[in-house]
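Notes follow the structure.
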Amino acid sequence: MGKNWIKVAIVVTVVIIGLAFWLVPRWYTTNDSNVTLTYQTPISDSDFDALIDEKLGVSTKFSFARVARLRGLDLTVKGSTTLVLQPHTSIWNLIKLLVRYQRDQQLVTILSHWEMPQFQTRVSKQFGWSATDLGEEMMDPTNHKRWNHQTWLSEKGIDSYNWQAIAIPNSYLFKKGTTPIEFLDRLVGEAHDFWTKERMLAAKELDLTPVEVVALASIVTKESNHVPEYGKIAATYKNRLRKKMLLQADPTVVFARGKAGRVLLRDTKIVSPYNTYLNQGLPIGALCIPSVNAIDSCLFGAAYPYVYFCAKSDLTPQHDFAISLDEHNKNAQRYHRALNEFQRKKKQ
């Protein structure tokens with residue numbers, strides 16, 4: 001009887017070991033040196049499994065992602081994760097590291113349209129910093145020099161006017177206790193990755209640096225909340241740049257004036273390096289953090305022949321675009337009549 005139990009135990013052990021090796025052909029990562037694992041979430045189980053296999057060589061018959069989720073990994077949270085893994089890490093330690101890393105992180109969201117005060121206060125609030133501390137690091141010329149040396153921005157780099165170039169709108173996972181300079185250094189790396197070869201080539205074809213594209217995209221972002229029109233708006237400004245015309249972008253006047261509201265003739269005469277009614281070319285810096293849609297509209301948007309546009313006379317968020325000045329003036333007259341009538345009725 002005892003011998004039979006021993007035989008059964010041996011058979012069961014062999015089956016378990018065989019099943020384990022069948023389910024997990026590679027128990028350890030195949031990297032011979034430290035490897036950086038970076039991924040964006042949300043991510044599907046199949047895409048995560050493929051990534052783990054491609055980057056680390058971990059192969060399983062079951063879904064690695066599902067097992068990791070059972071252990072507490074959340075692949076649905078929006079953010080970016082970067083983790084450095086040592087050589088030949090076991091799959092169980094890998095899961096443990098991924099879960100622990102995520103639990104030690106906090107999600108930080110950066111939104112487009114933010115100007116300096118919003119960026120400082122809202123980011124600092126998420127970390128519990130002083131907004132002043134973050135602002136000092138952002139404006140430090142020593143940091144600018146270091147960032148420009150490390151990135152593609154050296155030709156016309158980050159400075160006090162162009163800090164927006166490192167703030168790509170997204171949600172990011174940061175380790176709790178991150179300092180302001182660590183946060184900014186991370187953003188520089190994320191911005192560097194954002195500017196892919198395709199985006200760099202597109203900027204070069206426009207004869208613009210990435211920082212200048214960000215400045216142009218910030219005008220597009222401020223010009224309209226109607227994203228489907230971004231391509232036409234971007235094309236109009238690119239045409240004006242190419243023709244050496246003044247951009248005459250109302251958002252640059254609003255920024256120079258320092259308060260929102262209807263742009264009047266006297267506003268267009270404000271002396272400021274941001275006022276594109278007086279200064280040729282792009283303003284000295286971006287107006288805000290531009291949206292990714294606006295950046296890509298500047299880089300990859302379809303070509304249009306327009307050189308003028310103004311708000312529609314139906315007072316919707318859309319615009320009328322024109323090729324000739326005469327056509328534009330007619331569009332503008334219709335809009336101003338409609339706006340004046342609307343304001344008249346509002347006062348009654």
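Ligands are numbered from 1 in the order shown, chains are lettered A, B, ... in the order of the structure tokens, and residues start at 1 in each chain.
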>> Please identify the helix (DSSP H, G or I) residues within segment 19-128 of chain A (assignment by DSSP from backbone atoms) and present them as JSON, numbers by chain.
In response: {"A": [19, 20, 21, 22, 23, 45, 46, 47, 48, 49, 50, 51, 52, 53, 54, 55, 56, 64, 65, 66, 67, 68, 69, 70, 91, 92, 93, 94, 95, 96, 97, 98, 99, 100, 101, 102, 103, 116, 117, 118, 119, 120, 121, 122, 123, 124, 125, 126, 127]}
> So which residues touch Val227 of chain A within 9 Å, counting only C-alpha atoms, skipping near sequence neighbours fewer than 4 positions away, as a PyMOL selection string?
Replying inline: chain A and resi 221+231+293-294
>> When you look at Pro228 of chain A with a cut-off of 12 Å (counting only C-alpha atoms), what residues show up, excluding the ones that are within fewer than 6 positions of it in the same chain? I need them as a PyMOL selection string.
In response: chain A and resi 220-221+234+293-294+297+301-302+317-319
With N, CA and C atoms retained, write the just-selected residues as an mmCIF file, in the first residue's frame.
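Printed below is out-v2.cif as written:
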data_model
loop_
_atom_site.group_PDB
_atom_site.id
_atom_site.type_symbol
_atom_site.label_atom_id
_atom_site.label_comp_id
_atom_site.auth_asym_id
_atom_site.auth_seq_id
_atom_site.Cartn_x
_atom_site.Cartn_y
_atom_site.Cartn_z
ATOM 1 N N VAL A 220 -2.982 77.301 -32.586
ATOM 2 C CA VAL A 220 -4.107 76.503 -33.094
ATOM 3 C C VAL A 220 -4.989 76.045 -31.934
ATOM 4 N N THR A 221 -4.355 75.596 -30.851
ATOM 5 C CA THR A 221 -5.094 75.123 -29.682
ATOM 6 C C THR A 221 -5.948 76.225 -29.077
ATOM 7 N N ALA A 234 -4.366 75.234 -38.969
ATOM 8 C CA ALA A 234 -2.908 75.062 -39.049
ATOM 9 C C ALA A 234 -2.417 75.373 -40.464
ATOM 10 N N ASN A 293 -3.411 66.744 -30.843
ATOM 11 C CA ASN A 293 -4.130 66.911 -32.106
ATOM 12 C C ASN A 293 -3.650 68.144 -32.856
ATOM 13 N N ALA A 294 -3.403 69.227 -32.116
ATOM 14 C CA ALA A 294 -2.944 70.460 -32.753
ATOM 15 C C ALA A 294 -1.530 70.290 -33.293
ATOM 16 N N SER A 297 -1.723 68.161 -36.347
ATOM 17 C CA SER A 297 -2.366 68.898 -37.441
ATOM 18 C C SER A 297 -1.365 69.828 -38.111
ATOM 19 N N GLY A 301 -1.220 67.682 -41.171
ATOM 20 C CA GLY A 301 -2.516 68.103 -41.698
ATOM 21 C C GLY A 301 -2.484 68.291 -43.210
ATOM 22 N N ALA A 302 -3.641 68.097 -43.830
ATOM 23 C CA ALA A 302 -3.748 68.252 -45.281
ATOM 24 C C ALA A 302 -3.459 69.688 -45.693
ATOM 25 N N PRO A 317 -18.780 77.454 -32.854
ATOM 26 C CA PRO A 317 -17.322 77.456 -32.678
ATOM 27 C C PRO A 317 -16.535 77.275 -33.978
ATOM 28 N N GLN A 318 -17.233 77.236 -35.116
ATOM 29 C CA GLN A 318 -16.565 76.981 -36.386
ATOM 30 C C GLN A 318 -16.166 78.291 -37.088
ATOM 31 N N HIS A 319 -15.439 78.146 -38.212
ATOM 32 C CA HIS A 319 -14.894 79.306 -38.912
ATOM 33 C C HIS A 319 -15.205 79.249 -40.408
#
>> I'd like to know which residues of segment 85-211 of chain A are strand (DSSP E) (by DSSP, run on the backbone); could you write them as a PyMOL selection string?
In response: chain A and resi 85+105-110+170-175
Can those selected residues be exported to a file as a PDB file, in the first residue's frame so that it contains C-alpha atoms?
ATOM      1  CA  LEU A  85      14.793  44.959 -15.027  1.00  0.00           C
ATOM      2  CA  GLN A 105       3.118  55.280  -8.271  1.00  0.00           C
ATOM      3  CA  GLN A 106       0.658  58.111  -8.528  1.00  0.00           C
ATOM      4  CA  LEU A 107      -1.127  59.133 -11.688  1.00  0.00           C
ATOM      5  CA  VAL A 108      -0.391  62.686 -12.825  1.00  0.00           C
ATOM      6  CA  THR A 109      -2.358  64.236 -15.665  1.00  0.00           C
ATOM      7  CA  ILE A 110      -1.163  67.126 -17.837  1.00  0.00           C
ATOM      8  CA  ASN A 170      -1.011  62.807 -21.176  1.00  0.00           C
ATOM      9  CA  SER A 171      -1.367  60.889 -17.921  1.00  0.00           C
ATOM     10  CA  TYR A 172       1.871  59.617 -16.395  1.00  0.00           C
ATOM     11  CA  LEU A 173       2.712  57.362 -13.483  1.00  0.00           C
ATOM     12  CA  PHE A 174       5.289  58.869 -11.128  1.00  0.00           C
ATOM     13  CA  LYS A 175       6.876  57.423  -8.042  1.00  0.00           C
TER      14      LYS A 175
END
> Just how far from atom CA of Lys345 of chain A is atom CA of Ser313 of chain A, in Å to one decimal?
Replying inline: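 Distance reported for this atom pair: 15.5 Å.
Each of A:Asn162, A:Thr89, A:Thr82, A:Gln120 was checked against Glu212 of chain A using only C-alpha atoms; the smallest atom-to-atom distance is that of A:Asn162.
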>> When you look at Phe194 of chain A with a cut-off of 12 Å (counting only C-alpha atoms), what residues show up, excluding the ones that are within fewer than 3 positions of it in the same chain? I need them as an NGL selection string.
In response: :A and (151-152 or 165-170 or 187-191 or 197-200 or 210 or 292 or 295-296)
> Which value, in Å to one decimal, gives the distance between atom CA of Asn93 of chain A and atom CA of Thr30 of chain A?
Replying inline: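 Atom CA of Thr30 of chain A lies at a distance of 13.9 Å from atom CA of Asn93 of chain A.
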